[in-house]
Amino acid sequence: MTLFVDPELLRLMLTMAAPLVLAGLGELIMERSGLLNVGVEGMMAVAAACAFLTMLKTGSLTVAAATAVVAGIALALLLALYAVALASSQLTVGLSIFVLGTGLASLLYRVVIGVTTVTPTTRTLPSLAIPGLAGLPFFGTVLFTQNALVYLALLLVPALAGFFVLTPLGLRLRAAGENPRALDTVGVDVRALRYGAAAAGGALIGLAGAYLPLAVTGAYSDGMIGGRGWLSLMVVIFGRWQPGWALVGAVLFAYTEALQFKLALVTKAIPPQVLLMLPYVVAIVVLVRLYRGAEPPRALGQPYRRESRV
Amino acid sequence: MTALARRRLADATKYVVAAAVATVAGALVIALMGGNVLSAYRSFLWSSLGTAGGFAQTLNKMCPLLLGGLAVGMARRAGYFNIGVDGQIYAGAIAATGAALALERATTPALAVLVVAVGVIGGGLFAAIPGALRAWWSVNEIFVTVMLNFVAAFLTEYLTTGPWNDVMAGEAITRLIPDAATLPMLSVRAGSHVGIFIALAMAGVVWLLIERTRWGFEVRALGDNARAARVAGIPTARITFAVLIASGALAGLAGAIEVTALHHRLILGLTPGYGVMAILIAVLGQSQPAGILVVSFAMAVLLVGSDSLQRSIGLPASAALVFQALIVLSVLFVDARRAVRPS
Amino acid sequence: MSAPARLRMEAIDKRFGATIALDHAELELGAGELHALLGENGAGKTTLMNVLSGLYRADGGRVWIDGRPVDIHEPRDAIRHRIGMVHQHFELIGALSALENVIVGDEGGGLQLRRDRQARAVAELARRFGFELDLRARVASLSMADRQKVEIVKAIYRGVDVLILDEPTTVLTPGEADVLLGTLRTMAAQGLSVVFISHKIAEVLGHSDRVTVMRAGRTVATVRTSATGERELVEMMIGERLVRTAAPPPRAADDTALLRVEDVNVAGRGAAASVDGARFSVGRGEVVGLAGVDGNGQRELVEAIVGLRRTTAGRIEVGGRDVTSAAVGERLARGLTYIPEDRMGDGVMPSLSVAENLVVGLHRFVMHGGFAYRPAAIRARAVAPIADYKIPADAATPVGVLSGGNIQKVLVARALAIAGHGPTKLVVAHNPTRGLDVRTTEFVSGCLVGVTRAGGGVLLVSSDLDELMQLSHRLLVIFRGRIVADIRAGEFDAYRIGRLMTGGSI
């Protein structure tokens with residue numbers, strides 16, 4: 001029984017939650033502005049490849065993370081270009097970016113690394129113990145000995161929540177996702193808002209992609225994103241498009257992941273693949289329970305054309 | 001020139017532009033990898049179309065691509081995105097392998113047909129989950145189908161490394177299925193199997209279903225405007241469920257054919273992303289069987305050709321995915337520009 | 001009130017693809033003037049005002065303000081030139097508060113949203129024009145009249161010299177409309193130039209200084225209201241004298257109820273039911289009208305009758321048969337058919353052809369056998385309706401390219417065909433003539449009346465009180481989900497009905 005609330009398990013949970021939180025918040029920003037981005041998985045893949053390869057070549061975690069952020073922004077702006085300027089179907093473009101990203105990530109890795117017998121690895125982000133707080137009995141291990149990106153992710157949650165409610169820009173962003181025409185008629189540049197949201201969201205998604213090689217495995221492999229990009233879409237719905245609840249959703253999924261990991265170590269009775277399936281099945285179940293009553297931003301996924309006949 | 005002819009011409013130029021983009025991008029990559037562009041393209045086309053063996057490979061690859069494209073395309077007509085074709089291919093393959101191994105000692109002459117049928121049902125049942133969730137709980141099928149892809153892949157990994165594993169053959173490979181359960185070859189020398197004919201037949205079946213039956217009419221109405229379809233008395237929940245099952249069944253058929261005609265066993269990696277490619281095939285083919293047919297052929301050529309490039313200049317297989325995505329994006333671009341400027 | 005022109009729009013052209021929406025249209029406004037822009041639906045009034053407010057870009061022509069030419073390319077330019085517009089379909093954000101809707105885009109600078117300070121400023125502004133507003137309320141929970149107030153305050157908040165209102169009284173009861181028009185008069189008296197778009201002649205004659213009439217994208221004339229009358233305006237609007245022909249034929253006493261609604265409840269958001277204990281019937285040869293302000297449960301009631309929404313209590317009978325839990329298809333089979341309010345959203349399949357749109361809904365009754373979808377047969381079926389309803393397209397044209405009026409004709413043709421097939425002929429029509437020009441409106445009204453002549457019944461749900469009073473044998477009023485009145489044709493009184501619509505008593 002104590003296995004389920006073991007501090008090491010919970011610590012792992014938060015570590016695994018970070019990429020979901022970062023990608024979830026990034027997607028949330030985009031969706032609040034009206035952009036539906038189903039290409040997250042591909043964006044994270046490219047970001048992961050870029051981060052790892054840069055890390056390999058430069059040895060600098062910061063530069064590697066920065067490259068990933070740039071990659072995320074680039075792909076997000078590509079989506080925004082199609083969605084805003086060309087008014088294309090956001091689902092189709094998003095799926096294309098998913099495929100593009102997945103293929104590009106693998107291509108980049110192969111082109112740079114070539115064929116090797118030994119998988120290259122790098123060092124990872126060290127955990128940062130917060131002086132003083134790290135000594136606390138339970139929370140010390142769970143919360144205060146994480147790596148820098150985990151802290152960043154957790155801090156971003158209230159920051160983003162505050163942004164949406166307390167700042168004029170946040171108000172405009174919310175309006176853009178609900179009724180872009182209303183915003184247009186008072187003279188606000190809806191396009192610029194959406195591009196900005198895409199850039200901000202893309203940066204976070206890129207960072208989320210970089211997290212896995214830089215903070216967890218120290219290596220890159222095709223498919224390492226493992227559906228986390230898709231899960232971030234779910235995190236946004238779970239959170240009813242609010243940062244606080246999105247965090248809860250991300251932590252929930254990460255818990256399942258960490259639990260599955262620990263169970264695999266502890267018991268041989270259950271085949272490892274069945275355990276690996278667990279987070280995905282849980283995700284479906286959670287989505288089904290949640291779906292009723294989730295109210296997306298009204299203009300989500302719809303291209304805004306100023307001159308369309310009303 | 002009539003308006004219709006003008007539209008057809010515009011459509012055609014769209015694809016020419018896309019093909020041009022892909023060719024140029026390909027040339028760039030080949031040049032970057034240090035290869036000779038002209039000879040690379042020549043060996044690309046030769047290896048996929050020029051030799052009997054190569055052409056056989058192209059046909060073999062076209063089979064799951066065509067079936068996958070039909071699966072995604074059919075769901076698209078109803079307005080849905082079936083991103084789970086890979087998972088449904090695995091589901092069909094698992095069901096078929098399971099049936100074949102269970103009936104190892106059976107001597108029915110139609111064992112192959114039975115096994116393939118089981119595969120079809122397997123794929124259909126697997127897609128019934130997102131189908132039911134979408135039909136009656138309005139749960140978006142994109143996410144569910146993607147999650148199930150992982151579930152099916154893990155299940156395959158478990159079966160191929162565990163209970164069905166062929167200890168002699170290797171890591172993630174099952175035992176061979178009985179000969180009676182395999183599908184015949186078209187040409188033993190070249191290596192092509194009958195799957196392509198099944199796939200072509202299914203293209204015709206799908207066309208008839210969608211364009212010439214009352215059910216197909218309802219599917220098309222649903223895909224065009226779901227709310228209006230309800231108002232018109234169309235039982236949208238039932239149709240949604242049926243369409244997604246049919247979509248999964250087509251994918252399951254692809255999986256069953258891969259097992260019974262090509263590999264004669266279940267292997268992990270049975271589908272190297274056919275499901276993902278199927279999405280792009282359906283988009284480029286505009287969800288019509290005829291278009292899907294043409295595009296899946298082109299895609300198969302691309303795959304086999306890039307295989308040879310992989311051997312000669314080390315171009316990884318993932319490049320094919322990149323090219324496909326670029327083609328779709330350029331088509332979308334041209335589409336959007338055309339919409340802005342009325343003809 | 002001859003003042004120098006504050007605003008002049010000159011020779012404005014606008015096309016959408018091949019359609020010419022504005023053809024050298026003109027408008028001239030003085031300071032302190034209450035000006036009406038009159039024309040039937042589709043005349044170009046909204047388009048012209050959209051050009052003025054920067055939402056559309058003109059293809060030709062000039063705008064002059066205080067004698068100087070100005071360029072208005074986007075809404076921001078219009079705001080800069082102190083032009084504000086209240087649109088017909090409110091551009092509000094339901095999820096945000098009234099205050100947030102007013103200030104978004106001009107929040108008062110700074111990194112932090114200063115709600116309190118802005119709230120005081122906005123409340124002051126509202127008071128100046130006699131508006132009472134709860135600024136903290138979520139707009140989605142406000143009544144239509146209150147939402148309109150938010151829209152007006154939103155326009156004024158940015159400082160305007162010219163205020164445009166597009167069909168402002170459509171969503172108001174007669175009483176509320178009077179109040180609004182009075183407010184507009186006050187604003188004009190304070191120096192604002194106020195333009196309101198309308199297609200209602202009585203309103204224009206009663207509440208404007210001058211009126212500009214538009215027809216087919218052109219400005220026909222601008223006249224002083226005191227110097228003109230109804231016949232002249234009608235003639236300018238539609239180019240010929242019009243006699244309203246559609247009227248309900250007298251009804252022989254007949255007890256057969258084609259539709260019976262008994263104590264029906266429909267769930268709403270939260271605790272309150274959206275329909276509460278509705279009880280009425282529609283008899284053979286009868287047009288029963290349902291009047292009510294949008295949002296009082298008529299949509300839910302209609303959807304429940306048609307089968308798109310579940311009831312939580314009560315009984316619905318069509319032709320004597322209980323259909324309370326029947327699916328939409330079953331009800332269609334009985335002859336209960338629906339002309340929805342949102343023709344693009346709930347009515348047609350835009351990419352399918354005219355022929356296919358005419359047959360959908362009917363298809364289950366006419367497509368039999370194996371490969372039952374035969375394109376030639378379906379196209380052949382469409383020939384008669386296309387001719388009868390004068391739809392300017394051929395059977396294979398995708399419906400989405402047709403104009404709103406012609407799309408409505410397709411829906412009416414389909415509904416009548418379905419009604420004709422079943423044992424009972426019952427048409428439920430929700431705002432069937434909204435946004436249609438006069439000729440098409442007459443046509444559609446005629447079709448509905450024709451249903452009653454053939455022994456069928458019509459439930460006409462409309463927010464156009466004039467239409468209801470013209471066509472109905474009996475008129476029901478719905479308020480907050482309850483049917484609060486059932487009035488016979490001879491006793492229609494617009495103001496009394498208007499009060500009932502807003503919860504007043506007789």
# chains A, B, ... in the order shown; residues from 1 in each chain; ligands from 1
$ interface_residues --of "chain C" --to "chain B" --cutoff "10 Å" --atoms "only C-alpha atoms" --output "ChimeraX atom specification"
/C:16-18,303,306-308,327-333,337-340,342-352,356-357,359-364,366-375,414-415,418
$ write_last_selection --atoms "N, CA and C atoms" --output "compact mmCIF listing (two decimals), in the first residue's frame"
# COMPACT_ATOMS: atom_id res chain seq x y z
N PHE C 16 -18.32 40.73 -53.68
CA PHE C 16 -17.85 39.50 -53.07
C PHE C 16 -17.78 38.47 -54.18
N GLY C 17 -16.58 38.26 -54.71
CA GLY C 17 -16.50 37.34 -55.84
C GLY C 17 -17.25 37.95 -57.01
N ALA C 18 -18.25 37.22 -57.48
CA ALA C 18 -18.98 37.72 -58.64
C ALA C 18 -20.20 38.53 -58.23
N GLU C 303 -37.07 21.95 -30.71
CA GLU C 303 -36.19 20.78 -30.86
C GLU C 303 -36.80 19.56 -30.20
N VAL C 306 -39.49 18.20 -32.50
CA VAL C 306 -38.96 17.59 -33.71
C VAL C 306 -38.16 16.32 -33.43
N GLY C 307 -37.68 16.19 -32.22
CA GLY C 307 -36.96 14.96 -31.86
C GLY C 307 -35.48 15.16 -31.65
N LEU C 308 -34.99 16.39 -31.68
CA LEU C 308 -33.57 16.63 -31.52
C LEU C 308 -33.18 16.76 -30.06
N ALA C 327 -37.41 8.65 -32.50
CA ALA C 327 -36.27 9.31 -33.12
C ALA C 327 -36.75 10.27 -34.21
N VAL C 328 -35.85 11.15 -34.62
CA VAL C 328 -36.22 12.14 -35.63
C VAL C 328 -36.79 11.47 -36.87
N GLY C 329 -36.12 10.41 -37.31
CA GLY C 329 -36.56 9.73 -38.52
C GLY C 329 -37.99 9.23 -38.44
N GLU C 330 -38.35 8.71 -37.27
CA GLU C 330 -39.73 8.23 -37.09
C GLU C 330 -40.72 9.36 -37.22
N ARG C 331 -40.36 10.50 -36.63
CA ARG C 331 -41.29 11.63 -36.70
C ARG C 331 -41.43 12.12 -38.13
N LEU C 332 -40.33 12.11 -38.88
CA LEU C 332 -40.41 12.49 -40.28
C LEU C 332 -41.34 11.55 -41.02
N ALA C 333 -41.26 10.27 -40.67
CA ALA C 333 -42.10 9.30 -41.35
C ALA C 333 -43.58 9.57 -41.10
N THR C 337 -42.37 17.67 -40.00
CA THR C 337 -41.15 18.13 -40.62
C THR C 337 -40.76 19.51 -40.11
N TYR C 338 -39.51 19.87 -40.32
CA TYR C 338 -38.92 21.00 -39.62
C TYR C 338 -38.16 21.90 -40.58
N ILE C 339 -38.46 23.19 -40.52
CA ILE C 339 -37.63 24.17 -41.24
C ILE C 339 -36.82 24.89 -40.17
N PRO C 340 -35.54 24.59 -40.05
CA PRO C 340 -34.78 25.13 -38.92
C PRO C 340 -34.44 26.61 -39.10
N ASP C 342 -31.52 28.09 -38.36
CA ASP C 342 -30.17 28.31 -38.86
C ASP C 342 -30.00 27.49 -40.12
N ARG C 343 -30.26 28.12 -41.26
CA ARG C 343 -30.33 27.31 -42.48
C ARG C 343 -28.99 26.73 -42.86
N MET C 344 -27.90 27.44 -42.57
CA MET C 344 -26.59 26.88 -42.93
C MET C 344 -26.13 25.87 -41.89
N GLY C 345 -26.42 26.14 -40.64
CA GLY C 345 -25.92 25.27 -39.58
C GLY C 345 -26.74 24.00 -39.41
N ASP C 346 -28.05 24.11 -39.51
CA ASP C 346 -28.91 22.96 -39.24
C ASP C 346 -29.68 22.49 -40.45
N GLY C 347 -29.56 23.20 -41.56
CA GLY C 347 -30.46 22.92 -42.67
C GLY C 347 -29.86 22.13 -43.80
N VAL C 348 -28.88 22.76 -44.47
CA VAL C 348 -28.40 22.14 -45.71
C VAL C 348 -27.00 21.56 -45.53
N MET C 349 -26.65 20.69 -46.46
CA MET C 349 -25.28 20.18 -46.56
C MET C 349 -24.64 20.93 -47.72
N PRO C 350 -23.80 21.90 -47.41
CA PRO C 350 -23.34 22.82 -48.45
C PRO C 350 -22.61 22.20 -49.64
N SER C 351 -21.85 21.13 -49.39
CA SER C 351 -21.11 20.59 -50.53
C SER C 351 -21.93 19.63 -51.36
N LEU C 352 -23.05 19.19 -50.83
CA LEU C 352 -23.88 18.28 -51.61
C LEU C 352 -24.71 19.08 -52.60
N GLU C 356 -29.44 16.51 -54.04
CA GLU C 356 -29.24 15.71 -52.83
C GLU C 356 -29.85 16.39 -51.62
N ASN C 357 -29.74 17.71 -51.56
CA ASN C 357 -30.33 18.41 -50.43
C ASN C 357 -31.86 18.36 -50.46
N VAL C 359 -33.53 15.80 -51.44
CA VAL C 359 -33.99 14.45 -51.16
C VAL C 359 -33.61 13.94 -49.77
N VAL C 360 -32.63 14.60 -49.13
CA VAL C 360 -32.21 14.10 -47.81
C VAL C 360 -33.36 14.27 -46.82
N GLY C 361 -33.57 13.31 -45.96
CA GLY C 361 -34.73 13.38 -45.08
C GLY C 361 -35.87 12.58 -45.70
N LEU C 362 -36.02 12.76 -46.99
CA LEU C 362 -37.03 12.03 -47.76
C LEU C 362 -36.43 10.70 -48.22
N HIS C 363 -35.10 10.62 -48.17
CA HIS C 363 -34.41 9.53 -48.87
C HIS C 363 -34.79 8.17 -48.35
N ARG C 364 -35.09 8.09 -47.03
CA ARG C 364 -35.42 6.78 -46.50
C ARG C 364 -36.75 6.26 -47.05
N VAL C 366 -37.78 6.94 -50.22
CA VAL C 366 -37.77 6.78 -51.68
C VAL C 366 -36.60 5.96 -52.20
N MET C 367 -35.62 5.70 -51.34
CA MET C 367 -34.50 4.88 -51.83
C MET C 367 -34.68 3.47 -51.32
N HIS C 368 -34.93 2.57 -52.23
CA HIS C 368 -35.12 1.18 -51.80
C HIS C 368 -34.18 0.26 -52.55
N GLY C 369 -33.88 -0.84 -51.94
CA GLY C 369 -33.12 -1.86 -52.66
C GLY C 369 -31.63 -1.68 -52.53
N GLY C 370 -30.91 -2.53 -53.17
CA GLY C 370 -29.46 -2.66 -53.05
C GLY C 370 -28.70 -1.37 -53.26
N PHE C 371 -28.35 -1.08 -54.49
CA PHE C 371 -27.59 0.15 -54.70
C PHE C 371 -28.59 1.27 -54.93
N ALA C 372 -29.20 1.69 -53.82
CA ALA C 372 -30.37 2.53 -53.90
C ALA C 372 -30.08 3.96 -54.31
N TYR C 373 -28.82 4.37 -54.23
CA TYR C 373 -28.53 5.76 -54.57
C TYR C 373 -28.23 5.84 -56.05
N ARG C 374 -29.18 6.33 -56.79
CA ARG C 374 -28.97 6.43 -58.24
C ARG C 374 -28.94 7.91 -58.61
N PRO C 375 -27.79 8.43 -58.98
CA PRO C 375 -27.66 9.86 -59.22
C PRO C 375 -28.66 10.38 -60.24
N ARG C 414 -38.05 20.85 -49.41
CA ARG C 414 -37.80 19.56 -48.80
C ARG C 414 -38.81 19.27 -47.71
N ALA C 415 -39.04 20.29 -46.84
CA ALA C 415 -39.96 20.07 -45.72
C ALA C 415 -41.35 19.73 -46.22
N ILE C 418 -41.50 16.19 -47.51
CA ILE C 418 -41.54 15.19 -46.44
C ILE C 418 -42.93 15.17 -45.81
$ interface_residues --of "chain C" --to "chain A" --cutoff "6 Å" --atoms "only C-alpha atoms" --output "ChimeraX atom specification"
/C:56,75-76,91-93,105,111-113
$ write_last_selection --atoms "C-alpha atoms" --output "mmCIF file, in the first residue's frame"
data_model
loop_
_atom_site.group_PDB
_atom_site.id
_atom_site.type_symbol
_atom_site.label_atom_id
_atom_site.label_comp_id
_atom_site.auth_asym_id
_atom_site.auth_seq_id
_atom_site.Cartn_x
_atom_site.Cartn_y
_atom_site.Cartn_z
ATOM 1 C CA TYR C 56 -15.129 45.439 -45.061
ATOM 2 C CA PRO C 75 -11.894 48.753 -37.642
ATOM 3 C CA ARG C 76 -9.102 50.629 -35.921
ATOM 4 C CA GLU C 91 -20.246 40.763 -31.209
ATOM 5 C CA LEU C 92 -19.933 39.920 -27.570
ATOM 6 C CA ILE C 93 -17.953 37.342 -25.689
ATOM 7 C CA GLY C 105 -8.806 46.399 -26.527
ATOM 8 C CA LEU C 111 0.614 45.683 -17.351
ATOM 9 C CA GLN C 112 -2.160 45.096 -14.928
ATOM 10 C CA LEU C 113 -5.853 45.202 -15.672
#
$ residues_around --residues "region 58-71 of chain B" --least-positions-apart "4" --cutoff "7 Å" --atoms "only C-alpha atoms" --output "PyMOL selection string"
chain B and resi 48+54+75+85+192-193+195-196+199+203+247-248+250-251+254+274-275+278-279+281-282+289+292-293+296-297+300-301+304
$ closest_atom_pairs --of "chain B" --to "chain A" --cutoff "8 Å" --atoms "only C-alpha atoms" --output "Markdown table"
| residue | atom | partner | partner_atom | distance |
| --- | --- | --- | --- | --- |
| B:Met33 | CA | A:Val111 | CA | 7.7 |
| B:Leu133 | CA | A:Val288 | CA | 7.6 |
| B:Trp137 | CA | A:Val288 | CA | 7.5 |
| B:Ser138 | CA | A:Tyr291 | CA | 7.6 |
| B:Val139 | CA | A:Tyr291 | CA | 6.2 |
| B:Phe143 | CA | A:Trp230 | CA | 6.8 |
| B:Val144 | CA | A:Ile284 | CA | 6.0 |
| B:Val146 | CA | A:Trp230 | CA | 7.6 |
| B:Met147 | CA | A:Tyr280 | CA | 5.5 |
| B:Leu148 | CA | A:Tyr280 | CA | 7.3 |
| B:Phe150 | CA | A:Met277 | CA | 7.0 |
| B:Val151 | CA | A:Met277 | CA | 5.3 |
| B:Phe154 | CA | A:Gln273 | CA | 5.3 |
| B:Leu155 | CA | A:Gln273 | CA | 6.7 |
| B:Glu157 | CA | A:Gln273 | CA | 7.0 |
| B:Tyr158 | CA | A:Gln273 | CA | 5.8 |
| B:Val276 | CA | A:Val99 | CA | 7.1 |
| B:Leu280 | CA | A:Ser96 | CA | 7.3 |
| B:Val283 | CA | A:Thr92 | CA | 7.8 |
| B:Leu315 | CA | A:Val111 | CA | 7.8 |
| B:Pro316 | CA | A:Leu107 | CA | 6.3 |
| B:Ala317 | CA | A:Leu107 | CA | 8.0 |
| B:Ser318 | CA | A:Gly103 | CA | 4.8 |
| B:Ala319 | CA | A:Leu107 | CA | 5.9 |
| B:Ala320 | CA | A:Gly103 | CA | 7.6 |
| B:Leu321 | CA | A:Gly103 | CA | 5.1 |
| B:Val322 | CA | A:Leu100 | CA | 4.9 |
| B:Phe323 | CA | A:Leu100 | CA | 7.9 |
| B:Gln324 | CA | A:Leu100 | CA | 7.9 |
| B:Ala325 | CA | A:Leu100 | CA | 5.1 |
| B:Leu326 | CA | A:Leu100 | CA | 7.2 |
| B:Val328 | CA | A:Ser96 | CA | 6.8 |
| B:Leu329 | CA | A:Ser96 | CA | 6.9 |
| B:Leu332 | CA | A:Ser88 | CA | 7.0 |
| B:Phe333 | CA | A:Leu86 | CA | 7.3 |
| B:Ala336 | CA | A:Leu86 | CA | 5.4 |
| B:Arg337 | CA | A:Leu86 | CA | 7.2 |
$ select_by_dssp --residues "region 160-241 of chain A" --states "alpha helix (DSSP H)" --output "PyMOL selection string"
chain A and resi 160-166+168-178+180-185+190-211+228-238
$ residues_around --residues "Ala145 (chain C)" --least-positions-apart "3" --cutoff "7 Å" --atoms "only C-alpha atoms" --output "list in words"
Gln148, Lys149 and Leu172 of chain C
$ select_by_dssp --residues "region 27-170 of chain A" --states "strand (DSSP E)" --output "list in words"
Ser127, Leu128, Ala129, Thr145, Gln146 and Asn147 of chain A
$ write_last_selection --atoms "N, CA and C atoms" --output "PDB file, in the first residue's frame"
ATOM      1  N   SER A 127      19.693  17.449 -10.612  1.00  0.00           N
ATOM      2  CA  SER A 127      18.610  17.941  -9.768  1.00  0.00           C
ATOM      3  C   SER A 127      19.144  19.035  -8.868  1.00  0.00           C
ATOM      4  N   LEU A 128      18.277  20.010  -8.627  1.00  0.00           N
ATOM      5  CA  LEU A 128      18.638  21.203  -7.877  1.00  0.00           C
ATOM      6  C   LEU A 128      17.930  21.131  -6.534  1.00  0.00           C
ATOM      7  N   ALA A 129      18.683  20.904  -5.502  1.00  0.00           N
ATOM      8  CA  ALA A 129      18.057  20.873  -4.191  1.00  0.00           C
ATOM      9  C   ALA A 129      17.899  22.302  -3.684  1.00  0.00           C
ATOM     10  N   THR A 145      13.736  18.558  -4.544  1.00  0.00           N
ATOM     11  CA  THR A 145      14.984  18.109  -5.147  1.00  0.00           C
ATOM     12  C   THR A 145      14.727  17.683  -6.582  1.00  0.00           C
ATOM     13  N   GLN A 146      14.174  18.626  -7.353  1.00  0.00           N
ATOM     14  CA  GLN A 146      13.899  18.341  -8.754  1.00  0.00           C
ATOM     15  C   GLN A 146      14.872  19.132  -9.620  1.00  0.00           C
ATOM     16  N   ASN A 147      14.818  18.914 -10.919  1.00  0.00           N
ATOM     17  CA  ASN A 147      15.695  19.703 -11.781  1.00  0.00           C
ATOM     18  C   ASN A 147      15.047  21.046 -12.122  1.00  0.00           C
TER      19      ASN A 147
END
$ residues_around --residues "region 163-167 of chain C" --least-positions-apart "3" --cutoff "8 Å" --atoms "only C-alpha atoms" --output "MDAnalysis selection string"
chainID C and resid 46 49 83:88 155:156 160 170 192:199
$ write_last_selection --atoms "C-alpha atoms" --output "CSV table (one decimal), in the first residue's frame"
chain,number,residue,atom,x,y,z
C,46,THR,CA,-25.3,46.2,-43.6
C,49,MET,CA,-22.2,50.2,-42.8
C,83,ILE,CA,-17.3,55.9,-35.7
C,84,GLY,CA,-18.8,53.1,-33.7
C,85,MET,CA,-21.1,50.3,-34.7
C,86,VAL,CA,-23.6,48.0,-32.9
C,87,HIS,CA,-23.9,44.9,-35.1
C,88,GLN,CA,-27.1,43.0,-35.7
C,155,ALA,CA,-19.3,51.7,-28.9
C,156,ILE,CA,-19.6,54.9,-26.9
C,160,VAL,CA,-17.9,58.3,-31.0
C,170,THR,CA,-35.2,42.8,-34.1
C,192,LEU,CA,-24.2,62.4,-32.0
C,193,SER,CA,-25.0,61.4,-35.6
C,194,VAL,CA,-27.0,58.2,-35.2
C,195,VAL,CA,-27.8,55.9,-38.1
C,196,PHE,CA,-30.0,52.9,-37.6
C,197,ILE,CA,-30.6,50.2,-40.2
C,198,SER,CA,-34.1,48.9,-40.5
C,199,HIS,CA,-36.4,47.1,-42.8
$ closest_residue --among "B:Thr13, B:Thr23, B:Asn82, B:Asn140" --to "Ile327 (chain B)" --atoms "only C-alpha atoms"
B:Thr23
$ residues_around --residues "region 276-290 of chain C" --least-positions-apart "2" --cutoff "9 Å" --atoms "only C-alpha atoms" --output "PyMOL selection string"
chain C and resi 248-252+254-267+272-274+292+297-298+301+313-314+425-426+448-449+451-463+468-469+471-478+480-483+486
$ decode --residues "region 293-304 of chain B" --atoms "N, CA and C atoms" --output "PDB file, in the first residue's frame"
ATOM      1  N   LEU B 293      -6.101   5.621 -54.592  1.00  0.00           N
ATOM      2  CA  LEU B 293      -5.408   4.602 -55.354  1.00  0.00           C
ATOM      3  C   LEU B 293      -4.132   5.164 -55.972  1.00  0.00           C
ATOM      4  N   VAL B 294      -4.289   6.290 -56.638  1.00  0.00           N
ATOM      5  CA  VAL B 294      -3.134   6.896 -57.302  1.00  0.00           C
ATOM      6  C   VAL B 294      -2.063   7.291 -56.289  1.00  0.00           C
ATOM      7  N   VAL B 295      -2.489   7.944 -55.225  1.00  0.00           N
ATOM      8  CA  VAL B 295      -1.516   8.428 -54.247  1.00  0.00           C
ATOM      9  C   VAL B 295      -0.830   7.276 -53.522  1.00  0.00           C
ATOM     10  N   SER B 296      -1.581   6.219 -53.215  1.00  0.00           N
ATOM     11  CA  SER B 296      -0.933   5.109 -52.509  1.00  0.00           C
ATOM     12  C   SER B 296       0.091   4.430 -53.411  1.00  0.00           C
ATOM     13  N   PHE B 297      -0.171   4.408 -54.704  1.00  0.00           N
ATOM     14  CA  PHE B 297       0.827   3.865 -55.613  1.00  0.00           C
ATOM     15  C   PHE B 297       2.092   4.718 -55.586  1.00  0.00           C
ATOM     16  N   ALA B 298       1.881   6.035 -55.673  1.00  0.00           N
ATOM     17  CA  ALA B 298       3.030   6.944 -55.646  1.00  0.00           C
ATOM     18  C   ALA B 298       3.802   6.792 -54.343  1.00  0.00           C
ATOM     19  N   MET B 299       3.080   6.655 -53.255  1.00  0.00           N
ATOM     20  CA  MET B 299       3.698   6.503 -51.941  1.00  0.00           C
ATOM     21  C   MET B 299       4.512   5.219 -51.875  1.00  0.00           C
ATOM     22  N   ALA B 300       3.974   4.159 -52.465  1.00  0.00           N
ATOM     23  CA  ALA B 300       4.696   2.888 -52.454  1.00  0.00           C
ATOM     24  C   ALA B 300       5.989   3.014 -53.238  1.00  0.00           C
ATOM     25  N   VAL B 301       5.891   3.686 -54.380  1.00  0.00           N
ATOM     26  CA  VAL B 301       7.097   3.944 -55.179  1.00  0.00           C
ATOM     27  C   VAL B 301       8.103   4.713 -54.334  1.00  0.00           C
ATOM     28  N   LEU B 302       7.617   5.712 -53.629  1.00  0.00           N
ATOM     29  CA  LEU B 302       8.483   6.523 -52.778  1.00  0.00           C
ATOM     30  C   LEU B 302       9.182   5.655 -51.738  1.00  0.00           C
ATOM     31  N   LEU B 303       8.424   4.781 -51.105  1.00  0.00           N
ATOM     32  CA  LEU B 303       8.998   3.948 -50.045  1.00  0.00           C
ATOM     33  C   LEU B 303      10.056   3.002 -50.579  1.00  0.00           C
ATOM     34  N   VAL B 304       9.702   2.304 -51.652  1.00  0.00           N
ATOM     35  CA  VAL B 304      10.654   1.326 -52.185  1.00  0.00           C
ATOM     36  C   VAL B 304      11.878   2.040 -52.740  1.00  0.00           C
TER      37      VAL B 304
END
